[in-house]
>>> print(open('target.cif').read())   # mmCIF, C-alpha atoms
data_upload
#
loop_
_atom_site.group_PDB
_atom_site.id
_atom_site.type_symbol
_atom_site.label_atom_id
_atom_site.label_comp_id
_atom_site.auth_asym_id
_atom_site.auth_seq_id
_atom_site.Cartn_x
_atom_site.Cartn_y
_atom_site.Cartn_z
ATOM 1 C CA MET A 33 -27.832 58.265 12.852
ATOM 2 C CA SER A 34 -26.608 55.376 10.752
ATOM 3 C CA LEU A 35 -23.311 53.632 11.485
ATOM 4 C CA LYS A 36 -21.786 55.388 8.481
ATOM 5 C CA ASN A 37 -22.780 58.814 9.825
ATOM 6 C CA TRP A 38 -21.432 57.979 13.277
ATOM 7 C CA SER A 39 -18.169 56.963 11.595
ATOM 8 C CA LEU A 40 -18.056 60.258 9.691
ATOM 9 C CA LEU A 41 -18.744 62.167 12.907
ATOM 10 C CA CYS A 42 -15.927 60.418 14.762
ATOM 11 C CA LEU A 43 -13.538 60.898 11.832
ATOM 12 C CA LEU A 44 -14.379 64.609 11.698
ATOM 13 C CA ALA A 45 -13.851 64.935 15.457
ATOM 14 C CA LEU A 46 -10.479 63.215 15.102
ATOM 15 C CA ILE A 47 -9.399 65.530 12.270
ATOM 16 C CA TRP A 48 -10.595 68.741 13.906
ATOM 17 C CA GLY A 49 -9.184 67.571 17.235
ATOM 18 C CA GLY A 50 -5.843 67.138 15.487
ATOM 19 C CA THR A 51 -5.997 70.736 14.271
ATOM 20 C CA PHE A 52 -4.921 72.098 17.656
ATOM 21 C CA PRO A 53 -1.814 69.901 18.143
ATOM 22 C CA LEU A 54 -0.793 70.551 14.518
ATOM 23 C CA ALA A 55 -1.226 74.288 15.015
ATOM 24 C CA LYS A 56 0.808 74.117 18.225
ATOM 25 C CA LEU A 57 3.677 72.548 16.288
ATOM 26 C CA ALA A 58 3.373 74.987 13.391
ATOM 27 C CA VAL A 59 3.193 78.261 15.359
ATOM 28 C CA ALA A 60 6.455 77.357 17.081
ATOM 29 C CA GLU A 61 8.152 78.092 13.731
ATOM 30 C CA ILE A 62 5.687 79.979 11.538
ATOM 31 C CA PRO A 63 4.110 83.372 12.381
ATOM 32 C CA PRO A 64 0.389 82.953 13.232
ATOM 33 C CA LEU A 65 -1.002 85.175 10.468
ATOM 34 C CA VAL A 66 1.257 83.546 7.881
ATOM 35 C CA LEU A 67 -0.032 80.173 9.039
ATOM 36 C CA VAL A 68 -3.654 81.347 8.736
ATOM 37 C CA PHE A 69 -3.024 82.577 5.190
ATOM 38 C CA ALA A 70 -1.380 79.309 4.208
ATOM 39 C CA ARG A 71 -4.189 77.244 5.744
ATOM 40 C CA VAL A 72 -7.024 79.047 3.951
ATOM 41 C CA ALA A 73 -5.131 79.452 0.673
ATOM 42 C CA ILE A 74 -4.270 75.749 0.449
ATOM 43 C CA ALA A 75 -7.841 74.763 1.321
ATOM 44 C CA ALA A 76 -9.288 77.255 -1.190
ATOM 45 C CA VAL A 77 -7.165 75.822 -4.010
ATOM 46 C CA VAL A 78 -8.208 72.258 -3.139
ATOM 47 C CA LEU A 79 -11.926 73.143 -3.059
ATOM 48 C CA HIS A 80 -11.747 75.102 -6.323
ATOM 49 C CA VAL A 81 -10.187 72.061 -7.995
ATOM 50 C CA ILE A 82 -13.041 69.916 -6.645
ATOM 51 C CA LEU A 83 -15.560 72.464 -7.937
ATOM 52 C CA ARG A 84 -14.075 72.230 -11.420
ATOM 53 C CA LEU A 85 -14.046 68.425 -11.322
ATOM 54 C CA ARG A 86 -17.718 68.385 -10.316
ATOM 55 C CA GLY A 87 -18.655 70.965 -12.936
ATOM 56 C CA LEU A 88 -19.962 73.464 -10.386
ATOM 57 C CA ARG A 89 -19.880 77.135 -11.332
ATOM 58 C CA PHE A 90 -18.335 79.644 -8.938
ATOM 59 C CA PRO A 91 -20.597 82.742 -8.705
ATOM 60 C CA THR A 92 -19.049 86.110 -9.564
ATOM 61 C CA ALA A 93 -21.977 88.448 -8.873
ATOM 62 C CA PRO A 94 -20.834 91.448 -6.767
ATOM 63 C CA ASP A 95 -23.280 90.730 -3.929
ATOM 64 C CA MET A 96 -22.078 87.120 -3.694
ATOM 65 C CA LEU A 97 -18.416 88.125 -3.709
ATOM 66 C CA LEU A 98 -19.086 90.621 -0.916
ATOM 67 C CA ALA A 99 -20.919 87.921 1.062
ATOM 68 C CA PHE A 100 -17.977 85.535 0.593
ATOM 69 C CA LEU A 101 -15.600 88.208 1.892
ATOM 70 C CA LEU A 102 -17.742 88.835 4.978
ATOM 71 C CA MET A 103 -18.176 85.119 5.673
ATOM 72 C CA GLY A 104 -14.462 84.522 5.209
ATOM 73 C CA PHE A 105 -13.759 87.393 7.601
ATOM 74 C CA LEU A 106 -16.074 86.048 10.327
ATOM 75 C CA ASN A 107 -15.624 82.294 9.904
ATOM 76 C CA ASN A 108 -11.953 82.034 8.950
ATOM 77 C CA ALA A 109 -9.809 85.172 9.096
ATOM 78 C CA ILE A 110 -10.744 86.373 12.596
ATOM 79 C CA PRO A 111 -11.132 83.051 14.467
ATOM 80 C CA PHE A 112 -8.147 81.317 12.837
ATOM 81 C CA SER A 113 -5.936 84.342 13.574
ATOM 82 C CA LEU A 114 -7.038 84.542 17.208
ATOM 83 C CA ILE A 115 -6.712 80.778 17.736
ATOM 84 C CA PHE A 116 -3.240 80.492 16.188
ATOM 85 C CA TRP A 117 -1.992 83.564 18.031
ATOM 86 C CA GLY A 118 -3.411 82.205 21.275
ATOM 87 C CA GLN A 119 -1.673 78.898 20.683
ATOM 88 C CA THR A 120 1.702 80.586 20.828
ATOM 89 C CA GLU A 121 1.073 80.644 24.611
ATOM 90 C CA VAL A 122 -1.703 78.092 25.296
ATOM 91 C CA SER A 123 -1.574 74.291 25.065
ATOM 92 C CA ALA A 124 -3.444 72.491 22.294
ATOM 93 C CA SER A 125 -5.707 70.767 24.834
ATOM 94 C CA LEU A 126 -6.818 73.962 26.569
ATOM 95 C CA ALA A 127 -7.239 75.699 23.203
ATOM 96 C CA SER A 128 -9.692 73.026 22.037
ATOM 97 C CA ILE A 129 -11.669 73.208 25.288
ATOM 98 C CA LEU A 130 -12.040 76.997 25.154
ATOM 99 C CA ASN A 131 -13.001 76.774 21.481
ATOM 100 C CA ALA A 132 -15.836 74.407 22.481
ATOM 101 C CA SER A 133 -17.664 77.426 23.931
ATOM 102 C CA THR A 134 -18.695 78.354 20.360
ATOM 103 C CA PRO A 135 -22.251 76.885 20.572
ATOM 104 C CA ILE A 136 -22.911 78.900 23.726
ATOM 105 C CA PHE A 137 -22.013 82.163 22.012
ATOM 106 C CA THR A 138 -23.952 81.082 18.915
ATOM 107 C CA VAL A 139 -27.175 80.662 20.894
ATOM 108 C CA ILE A 140 -26.662 84.024 22.603
ATOM 109 C CA VAL A 141 -25.997 85.856 19.328
ATOM 110 C CA ALA A 142 -28.834 84.121 17.453
ATOM 111 C CA SER A 143 -31.317 84.724 20.284
ATOM 112 C CA LEU A 144 -30.433 88.096 21.755
ATOM 113 C CA VAL A 145 -28.727 89.927 18.876
ATOM 114 C CA PHE A 146 -30.622 88.719 15.813
ATOM 115 C CA SER A 147 -33.772 87.205 17.403
ATOM 116 C CA GLN A 148 -33.443 84.134 15.181
ATOM 117 C CA GLU A 149 -34.073 81.637 17.984
ATOM 118 C CA VAL A 150 -36.083 81.436 21.201
ATOM 119 C CA LEU A 151 -34.251 81.051 24.504
ATOM 120 C CA LYS A 152 -35.768 77.951 26.088
ATOM 121 C CA ALA A 153 -35.165 76.850 29.666
ATOM 122 C CA ASN A 154 -32.601 74.198 28.736
ATOM 123 C CA ARG A 155 -30.657 76.726 26.671
ATOM 124 C CA VAL A 156 -30.550 79.248 29.497
ATOM 125 C CA ALA A 157 -29.329 76.505 31.838
ATOM 126 C CA GLY A 158 -26.783 75.311 29.272
ATOM 127 C CA ILE A 159 -25.448 78.845 28.771
ATOM 128 C CA ALA A 160 -25.131 79.330 32.522
ATOM 129 C CA LEU A 161 -23.276 76.029 32.959
ATOM 130 C CA GLY A 162 -21.061 76.807 29.994
ATOM 131 C CA PHE A 163 -20.014 80.156 31.414
ATOM 132 C CA VAL A 164 -19.270 78.536 34.771
ATOM 133 C CA GLY A 165 -16.980 76.103 32.942
ATOM 134 C CA VAL A 166 -15.287 78.958 31.079
ATOM 135 C CA ALA A 167 -14.820 80.881 34.357
ATOM 136 C CA VAL A 168 -13.167 77.829 35.909
ATOM 137 C CA LEU A 169 -10.828 77.539 32.913
ATOM 138 C CA LEU A 170 -9.891 81.224 33.160
ATOM 139 C CA SER A 171 -9.563 81.264 36.958
ATOM 140 C CA PRO A 172 -5.816 80.436 37.175
ATOM 141 C CA GLY A 173 -5.026 83.433 34.981
ATOM 142 C CA LEU A 174 -7.407 85.683 36.893
ATOM 143 C CA PHE A 175 -5.586 84.921 40.143
ATOM 144 C CA GLY A 176 -2.123 84.931 38.586
ATOM 145 C CA ILE A 177 -1.375 81.312 39.432
ATOM 146 C CA GLY A 178 -1.462 79.780 35.963
ATOM 147 C CA THR A 179 1.400 79.323 33.514
ATOM 148 C CA GLU A 180 -0.717 80.320 30.508
ATOM 149 C CA PRO A 181 -1.510 84.063 30.271
ATOM 150 C CA LEU A 182 -5.083 85.272 30.541
ATOM 151 C CA TRP A 183 -4.873 87.416 27.405
ATOM 152 C CA ALA A 184 -4.085 84.336 25.306
ATOM 153 C CA LYS A 185 -7.060 82.440 26.746
ATOM 154 C CA MET A 186 -9.367 85.373 25.984
ATOM 155 C CA LEU A 187 -8.394 85.169 22.313
ATOM 156 C CA PHE A 188 -10.207 81.823 22.051
ATOM 157 C CA LEU A 189 -13.398 83.364 23.423
ATOM 158 C CA GLY A 190 -13.078 86.082 20.793
ATOM 159 C CA ALA A 191 -12.756 83.374 18.157
ATOM 160 C CA ALA A 192 -15.856 81.619 19.512
ATOM 161 C CA LEU A 193 -17.797 84.882 19.338
ATOM 162 C CA SER A 194 -16.703 85.408 15.733
ATOM 163 C CA TYR A 195 -17.820 81.869 14.859
ATOM 164 C CA ALA A 196 -21.192 82.692 16.461
ATOM 165 C CA PHE A 197 -21.735 85.710 14.207
ATOM 166 C CA ALA A 198 -20.618 83.637 11.219
ATOM 167 C CA ALA A 199 -23.187 80.944 12.055
ATOM 168 C CA THR A 200 -26.022 83.468 12.060
ATOM 169 C CA PHE A 201 -24.813 85.090 8.840
ATOM 170 C CA ALA A 202 -24.469 81.661 7.179
ATOM 171 C CA ARG A 203 -28.254 81.525 6.761
ATOM 172 C CA TRP A 204 -27.782 84.023 3.933
ATOM 173 C CA PHE A 205 -26.265 81.152 1.916
ATOM 174 C CA SER A 206 -29.312 78.884 2.255
ATOM 175 C CA GLY A 207 -29.807 78.742 -1.525
ATOM 176 C CA VAL A 208 -26.120 78.256 -2.357
ATOM 177 C CA SER A 209 -24.331 74.935 -2.732
ATOM 178 C CA ILE A 210 -22.462 74.225 0.499
ATOM 179 C CA LEU A 211 -19.301 73.352 -1.429
ATOM 180 C CA VAL A 212 -19.505 76.640 -3.356
ATOM 181 C CA ALA A 213 -20.075 78.573 -0.127
ATOM 182 C CA ALA A 214 -17.045 76.911 1.487
ATOM 183 C CA ALA A 215 -14.808 77.648 -1.492
ATOM 184 C CA GLY A 216 -16.126 81.214 -1.562
ATOM 185 C CA GLN A 217 -15.463 81.982 2.090
ATOM 186 C CA LEU A 218 -11.985 80.442 1.950
ATOM 187 C CA THR A 219 -11.208 82.486 -1.158
ATOM 188 C CA GLY A 220 -12.428 85.612 0.613
ATOM 189 C CA SER A 221 -10.362 84.911 3.720
ATOM 190 C CA THR A 222 -7.299 84.221 1.547
ATOM 191 C CA LEU A 223 -7.578 87.683 -0.016
ATOM 192 C CA LEU A 224 -8.081 89.279 3.394
ATOM 193 C CA MET A 225 -5.149 87.491 5.015
ATOM 194 C CA ALA A 226 -2.604 88.024 2.211
ATOM 195 C CA PRO A 227 -1.513 91.581 3.190
ATOM 196 C CA LEU A 228 -1.572 90.765 6.919
ATOM 197 C CA ALA A 229 0.555 87.658 6.366
ATOM 198 C CA ALA A 230 3.047 89.637 4.262
ATOM 199 C CA TRP A 231 3.296 92.305 6.978
ATOM 200 C CA GLN A 232 3.853 89.808 9.791
ATOM 201 C CA ALA A 233 6.354 87.766 7.783
ATOM 202 C CA ALA A 234 8.438 90.905 7.267
ATOM 203 C CA THR A 235 8.239 92.134 10.871
ATOM 204 C CA TRP A 236 8.081 88.906 12.909
ATOM 205 C CA GLN A 237 10.219 89.172 16.053
ATOM 206 C CA GLY A 238 11.959 92.228 14.664
ATOM 207 C CA ALA A 239 14.026 90.390 12.063
ATOM 208 C CA GLY A 240 11.309 88.867 9.895
ATOM 209 C CA TRP A 241 10.363 85.246 9.346
ATOM 210 C CA ARG A 242 13.119 83.155 7.781
ATOM 211 C CA VAL A 243 11.561 80.589 5.446
ATOM 212 C CA ALA A 244 14.771 78.605 5.155
ATOM 213 C CA GLU A 245 14.890 78.049 8.920
ATOM 214 C CA THR A 246 11.461 76.386 9.029
ATOM 215 C CA SER A 247 11.799 72.650 9.542
ATOM 216 C CA ALA A 248 10.116 69.893 7.580
ATOM 217 C CA GLN A 249 7.866 69.336 10.593
ATOM 218 C CA GLY A 250 6.578 72.913 10.328
ATOM 219 C CA TRP A 251 5.867 72.613 6.597
ATOM 220 C CA ILE A 252 4.098 69.270 7.038
ATOM 221 C CA ALA A 253 1.950 70.684 9.848
ATOM 222 C CA MET A 254 1.042 73.655 7.632
ATOM 223 C CA ALA A 255 0.099 71.400 4.714
ATOM 224 C CA LEU A 256 -2.016 69.128 6.902
ATOM 225 C CA LEU A 257 -3.862 72.119 8.371
ATOM 226 C CA GLY A 258 -4.817 73.260 4.878
ATOM 227 C CA VAL A 259 -5.556 69.982 3.092
ATOM 228 C CA LEU A 260 -6.740 67.644 5.858
ATOM 229 C CA CYS A 261 -8.062 69.877 8.638
ATOM 230 C CA THR A 262 -9.782 72.419 6.386
ATOM 231 C CA ALA A 263 -10.563 71.244 2.838
ATOM 232 C CA PHE A 264 -11.074 67.527 3.569
ATOM 233 C CA ALA A 265 -12.779 68.234 6.912
ATOM 234 C CA TYR A 266 -15.239 70.614 5.225
ATOM 235 C CA LEU A 267 -16.171 67.901 2.725
ATOM 236 C CA ILE A 268 -16.890 65.464 5.565
ATOM 237 C CA TYR A 269 -18.835 68.077 7.534
ATOM 238 C CA PHE A 270 -20.995 69.036 4.549
ATOM 239 C CA ARG A 271 -21.777 65.404 3.792
ATOM 240 C CA LEU A 272 -22.704 64.908 7.438
ATOM 241 C CA LEU A 273 -24.935 67.989 7.309
ATOM 242 C CA ARG A 274 -26.732 66.628 4.244
ATOM 243 C CA GLU A 275 -27.196 63.074 5.505
ATOM 244 C CA ALA A 276 -27.614 63.508 9.273
ATOM 245 C CA GLY A 277 -28.783 67.107 9.675
ATOM 246 C CA ALA A 278 -27.305 70.128 11.447
ATOM 247 C CA THR A 279 -28.352 68.984 14.931
ATOM 248 C CA ASN A 280 -26.540 65.660 14.684
ATOM 249 C CA ALA A 281 -23.537 67.255 12.989
ATOM 250 C CA SER A 282 -23.229 69.676 15.920
ATOM 251 C CA LEU A 283 -22.310 66.723 18.162
ATOM 252 C CA VAL A 284 -18.766 67.118 16.839
ATOM 253 C CA THR A 285 -18.420 70.067 19.245
ATOM 254 C CA LEU A 286 -18.570 67.662 22.182
ATOM 255 C CA LEU A 287 -16.016 65.266 20.705
ATOM 256 C CA VAL A 288 -13.303 67.665 19.482
ATOM 257 C CA PRO A 289 -11.967 68.607 22.971
ATOM 258 C CA VAL A 290 -11.742 64.924 23.850
ATOM 259 C CA THR A 291 -9.793 63.984 20.720
ATOM 260 C CA ALA A 292 -7.592 67.095 20.902
ATOM 261 C CA THR A 293 -6.748 66.383 24.549
ATOM 262 C CA ALA A 294 -5.919 62.747 23.764
ATOM 263 C CA ILE A 295 -3.717 63.704 20.794
ATOM 264 C CA GLY A 296 -2.049 66.474 22.797
ATOM 265 C CA ALA A 297 -1.260 64.042 25.592
ATOM 266 C CA GLY A 298 -0.030 61.303 23.277
ATOM 267 C CA PHE A 299 2.133 63.348 20.905
ATOM 268 C CA LEU A 300 2.955 66.588 22.739
ATOM 269 C CA GLY A 301 3.121 65.290 26.284
ATOM 270 C CA GLU A 302 0.419 67.696 27.458
ATOM 271 C CA ALA A 303 -1.650 67.042 30.571
ATOM 272 C CA LEU A 304 -4.720 68.823 31.896
ATOM 273 C CA SER A 305 -4.535 70.223 35.407
ATOM 274 C CA GLY A 306 -7.313 69.449 37.866
ATOM 275 C CA VAL A 307 -8.816 72.909 37.329
ATOM 276 C CA GLN A 308 -8.728 72.515 33.537
ATOM 277 C CA PHE A 309 -10.307 69.066 33.706
ATOM 278 C CA ALA A 310 -13.092 70.399 35.962
ATOM 279 C CA GLY A 311 -13.684 73.342 33.628
ATOM 280 C CA MET A 312 -13.883 71.028 30.615
ATOM 281 C CA ALA A 313 -16.363 68.737 32.386
ATOM 282 C CA ILE A 314 -18.635 71.646 33.356
ATOM 283 C CA LEU A 315 -18.427 73.196 29.877
ATOM 284 C CA LEU A 316 -19.242 69.905 28.128
ATOM 285 C CA ALA A 317 -22.120 69.346 30.558
ATOM 286 C CA GLY A 318 -23.415 72.778 29.623
ATOM 287 C CA LEU A 319 -23.232 71.864 25.929
ATOM 288 C CA CYS A 320 -25.213 68.680 26.590
ATOM 289 C CA VAL A 321 -27.909 70.665 28.404
ATOM 290 C CA LEU A 322 -27.867 73.280 25.652
ATOM 291 C CA ASP A 323 -28.353 70.581 23.020
ATOM 292 C CA GLY A 324 -31.409 69.256 24.906
ATOM 293 C CA ARG A 325 -31.379 65.704 23.604
ATOM 294 C CA VAL A 326 -30.056 64.388 26.892
ATOM 295 C CA PHE A 327 -33.458 65.096 28.476
ATOM 296 C CA LYS A 328 -35.236 62.938 25.901
ATOM 297 C CA LEU A 329 -33.467 59.884 27.282
ATOM 298 C CA PHE A 330 -35.408 60.289 30.526
ATOM 299 C CA ALA A 331 -38.693 61.535 29.089
ATOM 300 C CA PRO A 332 -41.671 59.163 29.459
ATOM 301 C CA ARG A 333 -42.668 57.470 26.250
ATOM 302 C CA ASP A 334 -46.256 57.171 25.129
ATOM 303 C CA ARG A 335 -47.463 53.584 25.027
ATOM 304 C CA PRO A 336 -49.391 52.508 21.941
ATOM 305 C CA VAL A 337 -53.125 52.236 22.549
ATOM 306 C CA SER A 338 -54.333 48.662 21.986
ATOM 307 C CA LYS A 339 -57.369 48.231 19.802
ATOM 308 C CA PRO A 340 -60.476 46.394 21.075
ATOM 309 C CA THR A 341 -60.630 42.760 20.145
ATOM 310 C CA GLY A 342 -62.471 42.185 16.900
ATOM 311 C CA GLU A 343 -62.031 45.724 15.549
ATOM 312 C CA GLY A 344 -60.993 45.894 11.937
ATOM 313 C CA ARG A 345 -57.679 47.386 10.898
#
>>> encode(input="target.cif", output="structure tokens")
Amino acid sequence: MSLKNWSLLCLLALIWGGTFPLAKLAVAEIPPLVLVFARVAIAAVVLHVILRLRGLRFPTAPDMLLAFLLMGFLNNAIPFSLIFWGQTEVSASLASILNASTPIFTVIVASLVFSQEVLKANRVAGIALGFVGVAVLLSPGLFGIGTEPLWAKMLFLGAALSYAFAATFARWFSGVSILVAAAGQLTGSTLLMAPLAAWQAATWQGAGWRVAETSAQGWIAMALLGVLCTAFAYLIYFRLLREAGATNASLVTLLVPVTATAIGAGFLGEALSGVQFAGMAILLAGLCVLDGRVFKLFAPRDRPVSKPTGEGR
């Protein structure tokens, strides 16, 4: 990749890594489903404004609207809800690490459920390593020695599985502008989340959510999640997809846990335990093996064959 694309990749990793600390701050004051609705609604408005400025037409055919609803359900409504609810109990650092299991589930779903990809040896090994890393991360809860409940950790695996199904379904949008597809799915998820957010706001903790009691910090975190971590991040990701390709863009998965852990430590005072650090290392190693490019560094290179002296070019 060019230096510009590496810069975009690092910026995207920084923004998406910051999503987890921001969400941790926000869910301390705002109900999770309300926060999901706000995030997707704000991002949808921003992207629709960009569509109008660029003169792009938003499709209104029934089949496209249904596809937007399904994509918004799989790629936004379900995973965002599970992640934000899980973060009411789980640290931002651990949340980002568990969320990094998404590529592992994506390969499994694409290969075994939809037969879209072939399971090669490196992918099988990467999946195995990844699940070992996940097992290590879940082990404190399994043995009842961790401070973060097991049920909350499992929510992030559910989110990763939902992302995996969304990734396979996304191929349906191959002929659609990426910006239009993003605006469409966020619009769909906004419509889906509206009644759920209204219900949770009215019933949260028995007395309902009190808007007036939400601090400026909570509102700022909510706004940043919608504008910066969703709308702006999507624009960067789509540009990276166009200029560097999907394989290079997928490297962000390896960087997000690192940036999220650093931000969580610096601003929230979080620290990974030895077990969590070991689980992260094994999981990231599994992602490297799954990606496969690490093996090319050690593969023998073919030497150019020299031409006999005097032979014409």
>>> atom_distance(input="target.cif", atom1="CA of Val145 in chain A", atom2="CA of Ile314 in chain A")
25.4 Å
>>> closest_residue(input="target.cif", among="A:Val150, A:Leu88, A:Ala70, A:Ala167", to="Ile210 in chain A", atoms="all atoms listed in the file")
A:Leu88
>>> closest_residue(input="target.cif", among="A:Val321, A:Ile177, A:Val78, A:Met33", to="Val307 in chain A", atoms="only C-alpha atoms")
A:Ile177
>>> atom_distance(input="target.cif", atom1="CA of Ala229 in chain A", atom2="CA of Asn108 in chain A")
14.0 Å
>>> axis_aligned_box(input="target.cif", around="range 241-257 of chain A", padding_each_side="3 Å", output="lines of an AutoDock Vina configuration file")
center_x = 5.5
center_y = 77.2
center_z = 7.7
size_x = 24.8
size_y = 22.1
size_z = 11.9
>>> residues_around(input="target.cif", residues="Thr200 in chain A", least_positions_apart="6", cutoff="10 Å", atoms="all atoms listed in the file", output="list in words")
Thr138, Val139, Val141, Ala142, Ser143, Val145, Phe146 and Gln148 of chain A
>>> residues_around(input="target.cif", residues="Ala230 in chain A", least_positions_apart="4", cutoff="8 Å", atoms="all atoms listed in the file", output="PyMOL selection string")
chain A and resi 66+226+234
>>> resolve_selection(input="target.cif", expression="the PyMOL selection byres ((chain A and resi 37) around 10)", output="list in words")
Met33, Ser34, Leu35, Lys36, Trp38, Ser39, Leu40, Leu41, Cys42, Leu43, Ile268, Arg271, Leu272, Leu273, Glu275, Ala276, Asn280 and Ala281 of chain A
>>> residues_around(input="target.cif", residues="Met186 in chain A", least_positions_apart="2", cutoff="12 Å", atoms="all atoms listed in the file", output="mmCIF file with C-alpha atoms, in the frame of the given file")
data_model
loop_
_atom_site.group_PDB
_atom_site.id
_atom_site.type_symbol
_atom_site.label_atom_id
_atom_site.label_comp_id
_atom_site.auth_asym_id
_atom_site.auth_seq_id
_atom_site.Cartn_x
_atom_site.Cartn_y
_atom_site.Cartn_z
ATOM 1 C CA PRO A 111 -11.132 83.051 14.467
ATOM 2 C CA LEU A 114 -7.038 84.542 17.208
ATOM 3 C CA ILE A 115 -6.712 80.778 17.736
ATOM 4 C CA TRP A 117 -1.992 83.564 18.031
ATOM 5 C CA GLY A 118 -3.411 82.205 21.275
ATOM 6 C CA GLN A 119 -1.673 78.898 20.683
ATOM 7 C CA GLU A 121 1.073 80.644 24.611
ATOM 8 C CA VAL A 122 -1.703 78.092 25.296
ATOM 9 C CA LEU A 126 -6.818 73.962 26.569
ATOM 10 C CA ALA A 127 -7.239 75.699 23.203
ATOM 11 C CA LEU A 130 -12.040 76.997 25.154
ATOM 12 C CA ASN A 131 -13.001 76.774 21.481
ATOM 13 C CA SER A 133 -17.664 77.426 23.931
ATOM 14 C CA VAL A 166 -15.287 78.958 31.079
ATOM 15 C CA ALA A 167 -14.820 80.881 34.357
ATOM 16 C CA LEU A 169 -10.828 77.539 32.913
ATOM 17 C CA LEU A 170 -9.891 81.224 33.160
ATOM 18 C CA SER A 171 -9.563 81.264 36.958
ATOM 19 C CA GLY A 173 -5.026 83.433 34.981
ATOM 20 C CA LEU A 174 -7.407 85.683 36.893
ATOM 21 C CA GLU A 180 -0.717 80.320 30.508
ATOM 22 C CA PRO A 181 -1.510 84.063 30.271
ATOM 23 C CA LEU A 182 -5.083 85.272 30.541
ATOM 24 C CA TRP A 183 -4.873 87.416 27.405
ATOM 25 C CA ALA A 184 -4.085 84.336 25.306
ATOM 26 C CA PHE A 188 -10.207 81.823 22.051
ATOM 27 C CA LEU A 189 -13.398 83.364 23.423
ATOM 28 C CA GLY A 190 -13.078 86.082 20.793
ATOM 29 C CA ALA A 191 -12.756 83.374 18.157
ATOM 30 C CA ALA A 192 -15.856 81.619 19.512
ATOM 31 C CA LEU A 193 -17.797 84.882 19.338
#
>>> residues_around(input="target.cif", residues="Phe327 in chain A", least_positions_apart="5", cutoff="12 Å", atoms="all atoms listed in the file", output="number ranges by chain")
A: 153-154, 320-322, 332
>>> atom_distance(input="target.cif", atom1="CA of Thr262 in chain A", atom2="CA of Ala196 in chain A")
18.4 Å
>>> residues_near_point(input="target.cif", point="(6.3, 76.7, 16.7)", cutoff="10 Å", atoms="all atoms listed in the file", output="PDB file with C-alpha atoms, keeping the file's coordinate frame")
ATOM      1  CA  LEU A  54      -0.793  70.551  14.518  1.00  0.00           C
ATOM      2  CA  ALA A  55      -1.226  74.288  15.015  1.00  0.00           C
ATOM      3  CA  LYS A  56       0.808  74.117  18.225  1.00  0.00           C
ATOM      4  CA  LEU A  57       3.677  72.548  16.288  1.00  0.00           C
ATOM      5  CA  ALA A  58       3.373  74.987  13.391  1.00  0.00           C
ATOM      6  CA  VAL A  59       3.193  78.261  15.359  1.00  0.00           C
ATOM      7  CA  ALA A  60       6.455  77.357  17.081  1.00  0.00           C
ATOM      8  CA  GLU A  61       8.152  78.092  13.731  1.00  0.00           C
ATOM      9  CA  ILE A  62       5.687  79.979  11.538  1.00  0.00           C
ATOM     10  CA  PRO A  63       4.110  83.372  12.381  1.00  0.00           C
ATOM     11  CA  PRO A  64       0.389  82.953  13.232  1.00  0.00           C
ATOM     12  CA  GLN A 119      -1.673  78.898  20.683  1.00  0.00           C
ATOM     13  CA  THR A 120       1.702  80.586  20.828  1.00  0.00           C
ATOM     14  CA  THR A 246      11.461  76.386   9.029  1.00  0.00           C
ATOM     15  CA  SER A 247      11.799  72.650   9.542  1.00  0.00           C
ATOM     16  CA  GLN A 249       7.866  69.336  10.593  1.00  0.00           C
ATOM     17  CA  GLY A 250       6.578  72.913  10.328  1.00  0.00           C
TER      18      GLY A 250
END
>>> residues_near_point(input="target.cif", point="(-20.1, 69.3, 19.3)", cutoff="9 Å", atoms="only C-alpha atoms", output="list of chain:residue names")
A:Ala45, A:Ala132, A:Pro135, A:Asn280, A:Ala281, A:Ser282, A:Leu283, A:Val284, A:Thr285, A:Leu286, A:Leu287, A:Val288, A:Pro289, A:Leu316, A:Leu319, A:Cys320
>>> closest_residue(input="target.cif", among="A:Val290, A:Met312, A:Ala317, A:Leu102", to="Phe205 in chain A", atoms="only C-alpha atoms")
A:Leu102
>>> closest_residue(input="target.cif", among="A:Phe309, A:Phe90, A:Trp48, A:Trp251", to="Val212 in chain A", atoms="only C-alpha atoms")
A:Phe90
>>> closest_residue(input="target.cif", among="A:Thr51, A:Asn107, A:Ser123, A:Thr219", to="Ala255 in chain A", atoms="all atoms listed in the file")
A:Thr51
>>> resolve_selection(input="target.cif", expression="the PyMOL selection byres ((chain A and resi 296-300) around 9)", output="number ranges by chain")
A: 50, 52-53, 57, 123-125, 291-295, 301-304
>>> closest_residue(input="target.cif", among="A:Ala215, A:Phe197, A:Gln308, A:Thr235", to="Ile82 in chain A", atoms="only C-alpha atoms")
A:Ala215
>>> decode(input="target.cif", residues="range 112-125 of chain A", atoms="C-alpha atoms", output="mmCIF file, in the first residue's frame")
data_model
loop_
_atom_site.group_PDB
_atom_site.id
_atom_site.type_symbol
_atom_site.label_atom_id
_atom_site.label_comp_id
_atom_site.auth_asym_id
_atom_site.auth_seq_id
_atom_site.Cartn_x
_atom_site.Cartn_y
_atom_site.Cartn_z
ATOM 1 C CA PHE A 112 -24.255 -2.560 18.001
ATOM 2 C CA SER A 113 -26.971 -3.567 20.490
ATOM 3 C CA LEU A 114 -25.029 -6.594 21.724
ATOM 4 C CA ILE A 115 -21.748 -4.660 21.956
ATOM 5 C CA PHE A 116 -23.208 -1.687 23.843
ATOM 6 C CA TRP A 117 -25.154 -3.935 26.199
ATOM 7 C CA GLY A 118 -22.036 -6.007 26.810
ATOM 8 C CA GLN A 119 -20.067 -2.870 27.576
ATOM 9 C CA THR A 120 -22.285 -2.139 30.543
ATOM 10 C CA GLU A 121 -20.277 -4.935 32.235
ATOM 11 C CA VAL A 122 -17.092 -5.404 30.155
ATOM 12 C CA SER A 123 -14.107 -3.065 29.784
ATOM 13 C CA ALA A 124 -13.509 -1.255 26.500
ATOM 14 C CA SER A 125 -10.217 -3.112 25.987
#
